[in-house]
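K.L.:
Sharing a structure, written as structure tokens. Questions coming.
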Amino acid sequence: MSRAFLVVMDSVGIGGAPDADTFFNEGQPDTGANTVLHIAQACANGQAEEGRSGPLTVPNLDALGLGRAVTLACGEAAPGLHAVPTGRWAAATEVSRGKDTPSGHWELAGLPVPWDWTYLPNTTPSFPEDITRKICDLAGTDGIYGNCHSNGIAVIDAFGADHMRTGWPICYTSADSVLQIAAHEDSFGLDRLLTLCEQLAPMLHERRIGRVIARPFTGTPGNFERTTNRRDYAIAPPSPVLTNWVQDAGQKVIAIGKIGDIFSMTGIDEVHKGADTKLMTDLAHQIDTAPDGALIFANFVEFDSKYGHRRDVSGYARALEWFDAELGPLLTRLKPDDLLLITADHGNDPTWIGTDHTRERVPVLMAGAGAGEVGHVGFVDVAATIAAHLNVASEGQGQSFL
């Protein structure tokens with residue numbers, strides 16, 4: 001029986017979204033945003049030289065079709081990505097009205113978001129008063145810090161010292177449908193933070209706010225650092241998705257990274273979490289040991305969280321080159337009947353204005369499915385393709401391109 005490895009390179013978009021003009025960063029439409037193209041251009045122009053140098057070097061991804069997918073998505077060629085693909089490739093377009101983690105992953109799993117998300121306004125304060133009161137009641141504090149739109153690093157730097165002194169949690173949001181709470185693992189307590197977020201989440205889910213995210217950090221003022229103990233408390237999908245289809249067929253579903261959080265553990269048997277370096281080791285282990293018929297669903301988040309939101313072009317390029325170097329040996333260890341499908345959930349162009357995600361098409365790169373262009377596909381077609389490969393019934397709207 002075959003196995004399927006669905007790997008999401010979080011935020012590695014390739015531009016060309018037909019509705020990019022209706023999504024914004026700091027009032028500017030996302031028209032023209034293109035994560036991979038602009039990183040490759042910056043590298044070729046000597047503008048991404050911190051910790052690396054020269055053209056973007058991702059030969060394994062390019063051999064699977066990354067360069068061709070960029071051109072298909074946006075009509076432009078990415079410098080240095082000119083390989084003739086030995087894999088099968090496509091460009092996928094999202095229909096859900098969101099450029100965030102749940103929207104992208106739900107749709108990749110076969111379910112376009114069936115409602116409009118609620119977004120917290122870009123004002124200070126940003127939260128309705130009853131939400132602020134609820135946070136204070138649950139935390140046992142007289143107030144909160146933040147209550148605004150912010151980059152996570154910036155808000156921790158701004159309020160971390162006061163937070164350690166008073167115990168008030170640091171609460172913020174973004175252009176996504178999300179409320180994030182940062183707290184120091186030692187002075188506030190990791191378990192206390194996770195409990196706070198878990199207890200707050202139902203109130204926000206009722207209002208179609210997609211996630212409450214716990215953002216623990218450590219360190220001292222001037223040297224704060226977020227840890228890998230992040231936890232997302234997301235709305236559960238309202239109907240079965242790919243993970244359910246596979247599990248209901250009696251086959252195993254193994255989550256790597258934040259997949260378990262994104263799907264509220266629906267349809268998931270086993271979870272492996274940690275930094276991306278650890279997750280790569282976990283993925284390699286599953287290639288060696290996962291049982292026949294299994295779905296291994298992985299998310300590598302640090303492209304997005306460490307480099308995209310921080311608009312760090314060099315860092316994003318380093319991350320892509322690291323991933324590519326790690327990918328090479330994994331491709332040689334796949335079994336003959338395995339399918340490895342690499343894609344993304346949205347864009348986060350590090351050359352773009354603002355700090356939020358960018359609306360983009362995403363690559364679909366496959367090993368184990370022959371070679372050649374598939375063309376333009378939908379996010380939902382990824383789920384249908386994985387289901388067809390695993391010989392399980394697809395309950396979504398997509399069509400397999402195998």
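Going through the structure tokens in order, the chains are called A, B, and so on, while each chain numbers its residues from 1 and the ligands are numbered from 1 in the order shown.
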Contacts of region 337-348 of chain A at 8 Å or less, counting only C-alpha atoms, minus same-chain residues fewer than 6 places along, as a PyMOL selection string?

P.N.:
chain A and resi 1-15+34-35+99-101+103-105+108+304+308-309+356-369+389

K.L.:
Within 10 Å of region 165-174 of chain A, counting only C-alpha atoms, which residues qualify if same-chain residues fewer than 3 places away don't, as a PyMOL selection string?

P.N.:
chain A and resi 119-122+125-127+132+135-136+139-152+155-156+158-162+177-184+187-189+193+196+212-215+355-357

K.L.:
For Val241 (chain A), which of A:Leu327, A:Ala384, A:Ile296, A:Ile254 is the closest residue, counting only C-alpha atoms?

P.N.:
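Result for the nearest residue to Val241 (chain A): A:Ala384.
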
K.L.:
Can you list, as a list in words, every protein, DNA or RNA residue that comes within 10 Å of Val58 (chain A) when you count only C-alpha atoms, leaving out same-chain residues fewer than 5 positions away?

P.N.:
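Counting only the stated atoms, we get Ala63, Leu66, Gly67, Gly80, Leu81, Ala317, Leu320, Glu321, Trp322, Phe323, Asp324, Ala325, Leu327 and Gly328 of chain A.
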
K.L.:
Among region 101-311 of chain A, which residues does DSSP mark as strand (DSSP E or B) when it is run on the backbone? Keep the chain and numbering as in the structure and answer as a PyMOL selection string.

P.N.:
chain A and resi 145-149+170-173+178-184+211-218+225-226+231-234+253-256+270-272+295-300

K.L.:
With only C-alpha atoms as the counted atoms, please give the residues lying no more than 6 Å from Leu64 (chain A), apart from itself and same-chain residues fewer than 5 positions off, as a CSV table (one decimal) with C-alpha atoms, in the first residue's frame.

P.N.:
```csv
chain,number,residue,atom,x,y,z
A,85,PRO,CA,11.8,19.4,-14.0
A,86,THR,CA,12.2,15.7,-13.2
A,87,GLY,CA,9.1,16.0,-10.9
A,365,LEU,CA,5.8,20.0,-6.4
```

K.L.:
List as a PDB file with N, CA and C atoms, in the first residue's frame the protein and nucleic acid residues near region 243-245 of chain A, meaning an atom at most 8 Å away when only C-alpha atoms are counted, but skip any in the same chain fewer than 2 places from it.

P.N.:
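Listed below is the output, out.pdb:
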```
ATOM      1  N   ALA A 109      -6.620  20.701   2.621  1.00  0.00           N
ATOM      2  CA  ALA A 109      -7.195  19.449   3.120  1.00  0.00           C
ATOM      3  C   ALA A 109      -8.594  19.199   2.590  1.00  0.00           C
ATOM      4  N   PRO A 240     -15.742  17.032   7.645  1.00  0.00           N
ATOM      5  CA  PRO A 240     -14.543  16.195   7.502  1.00  0.00           C
ATOM      6  C   PRO A 240     -13.570  16.727   6.448  1.00  0.00           C
ATOM      7  N   VAL A 241     -12.287  16.535   6.747  1.00  0.00           N
ATOM      8  CA  VAL A 241     -11.213  16.950   5.848  1.00  0.00           C
ATOM      9  C   VAL A 241     -10.310  15.751   5.579  1.00  0.00           C
ATOM     10  N   GLN A 247      -8.087   8.702   8.217  1.00  0.00           N
ATOM     11  CA  GLN A 247      -8.274   7.999   9.482  1.00  0.00           C
ATOM     12  C   GLN A 247      -9.513   7.112   9.448  1.00  0.00           C
ATOM     13  N   ASP A 248     -10.597   7.618   8.853  1.00  0.00           N
ATOM     14  CA  ASP A 248     -11.831   6.832   8.789  1.00  0.00           C
ATOM     15  C   ASP A 248     -11.673   5.594   7.917  1.00  0.00           C
ATOM     16  N   ALA A 249     -10.695   5.611   7.017  1.00  0.00           N
ATOM     17  CA  ALA A 249     -10.410   4.434   6.200  1.00  0.00           C
ATOM     18  C   ALA A 249      -9.520   3.427   6.930  1.00  0.00           C
ATOM     19  N   VAL A 253      -2.646   8.686  10.468  1.00  0.00           N
ATOM     20  CA  VAL A 253      -2.356  10.078  10.144  1.00  0.00           C
ATOM     21  C   VAL A 253      -1.363  10.617  11.168  1.00  0.00           C
ATOM     22  N   THR A 266      -8.355  16.916  14.857  1.00  0.00           N
ATOM     23  CA  THR A 266      -9.366  16.103  14.198  1.00  0.00           C
ATOM     24  C   THR A 266      -8.713  15.226  13.135  1.00  0.00           C
ATOM     25  N   GLY A 267      -8.921  13.932  13.240  1.00  0.00           N
ATOM     26  CA  GLY A 267      -8.393  12.990  12.269  1.00  0.00           C
ATOM     27  C   GLY A 267      -6.913  12.718  12.398  1.00  0.00           C
ATOM     28  N   ILE A 268      -6.311  13.020  13.529  1.00  0.00           N
ATOM     29  CA  ILE A 268      -4.863  12.883  13.683  1.00  0.00           C
ATOM     30  C   ILE A 268      -4.548  11.884  14.787  1.00  0.00           C
ATOM     31  N   LEU A 295      -0.735   8.794   6.027  1.00  0.00           N
ATOM     32  CA  LEU A 295      -0.576  10.182   5.623  1.00  0.00           C
ATOM     33  C   LEU A 295       0.308  10.867   6.639  1.00  0.00           C
ATOM     34  N   ALA A 387      -5.779  11.828  -1.476  1.00  0.00           N
ATOM     35  CA  ALA A 387      -6.771  10.778  -1.230  1.00  0.00           C
ATOM     36  C   ALA A 387      -6.723   9.712  -2.307  1.00  0.00           C
ATOM     37  N   VAL A 392      -8.328   6.320  -0.702  1.00  0.00           N
ATOM     38  CA  VAL A 392      -9.417   6.580   0.244  1.00  0.00           C
ATOM     39  C   VAL A 392     -10.424   7.504  -0.428  1.00  0.00           C
ATOM     40  N   ALA A 393     -11.640   7.457   0.030  1.00  0.00           N
ATOM     41  CA  ALA A 393     -12.710   8.261  -0.570  1.00  0.00           C
ATOM     42  C   ALA A 393     -12.507   9.732  -0.246  1.00  0.00           C
ATOM     43  N   SER A 394     -12.612  10.569  -1.271  1.00  0.00           N
ATOM     44  CA  SER A 394     -12.518  12.029  -1.087  1.00  0.00           C
ATOM     45  C   SER A 394     -13.915  12.607  -0.933  1.00  0.00           C
ATOM     46  N   GLU A 395     -14.104  13.366   0.126  1.00  0.00           N
ATOM     47  CA  GLU A 395     -15.407  14.001   0.365  1.00  0.00           C
ATOM     48  C   GLU A 395     -15.387  15.480   0.030  1.00  0.00           C
TER      49      GLU A 395
END
```

K.L.:
Pick out the residues sitting within 10 Å of region 50-52 of chain A, and hand them over as a ChimeraX atom specification; count only C-alpha atoms, and ignore anything fewer than 5 positions along from it in its own chain.

P.N.:
/A:43,312-315,317-318,321

K.L.:
Between A:Phe23, A:Lys306, A:Asp137, A:Ala48, which is the closest to Ile153 (chain A) once you count only C-alpha atoms?

P.N.:
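The answer is A:Lys306, which sits nearest to Ile153 (chain A).
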
K.L.:
Pick out each residue of region 186-233 of chain A that DSSP on the backbone tags as helix (DSSP H, G or I); I need them as an NGL selection string.

P.N.:
:A and (186-206)

K.L.:
So what do you get for CA of Leu37 (chain A) versus CA of Val84 (chain A), distance-wise?

P.N.:
17.5 Å

K.L.:
Hey, what's within 10 Å of region 44-47 of chain A if we count only C-alpha atoms and toss same-chain stuff fewer than 6 positions away? As JSON, numbers by chain, please?

P.N.:
{"A": [38, 53, 54, 55, 56, 78, 79, 80, 313, 314]}

K.L.:
Rank A:Ile259, A:Leu138, A:Leu334, A:Ala319 by their smallest atom-to-atom distance to Ala290 (chain A), using only C-alpha atoms, and report the top residue only.

P.N.:
A:Leu334

K.L.:
Taking only C-alpha atoms into account, name the residue in A:Lys273, A:Arg310, A:Arg211, A:Arg230 that is nearest to Leu194 (chain A).

P.N.:
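With only C-alpha atoms as the atom set, the closest residue is A:Arg230.
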
K.L.:
Between A:Asp276, A:Glu94, A:Asp292, A:Phe379, which residue has the minimum interatomic distance to Pro336 (chain A), considering only C-alpha atoms?

P.N.:
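The shortest atom-to-atom distance to Pro336 (chain A) comes from A:Asp292.
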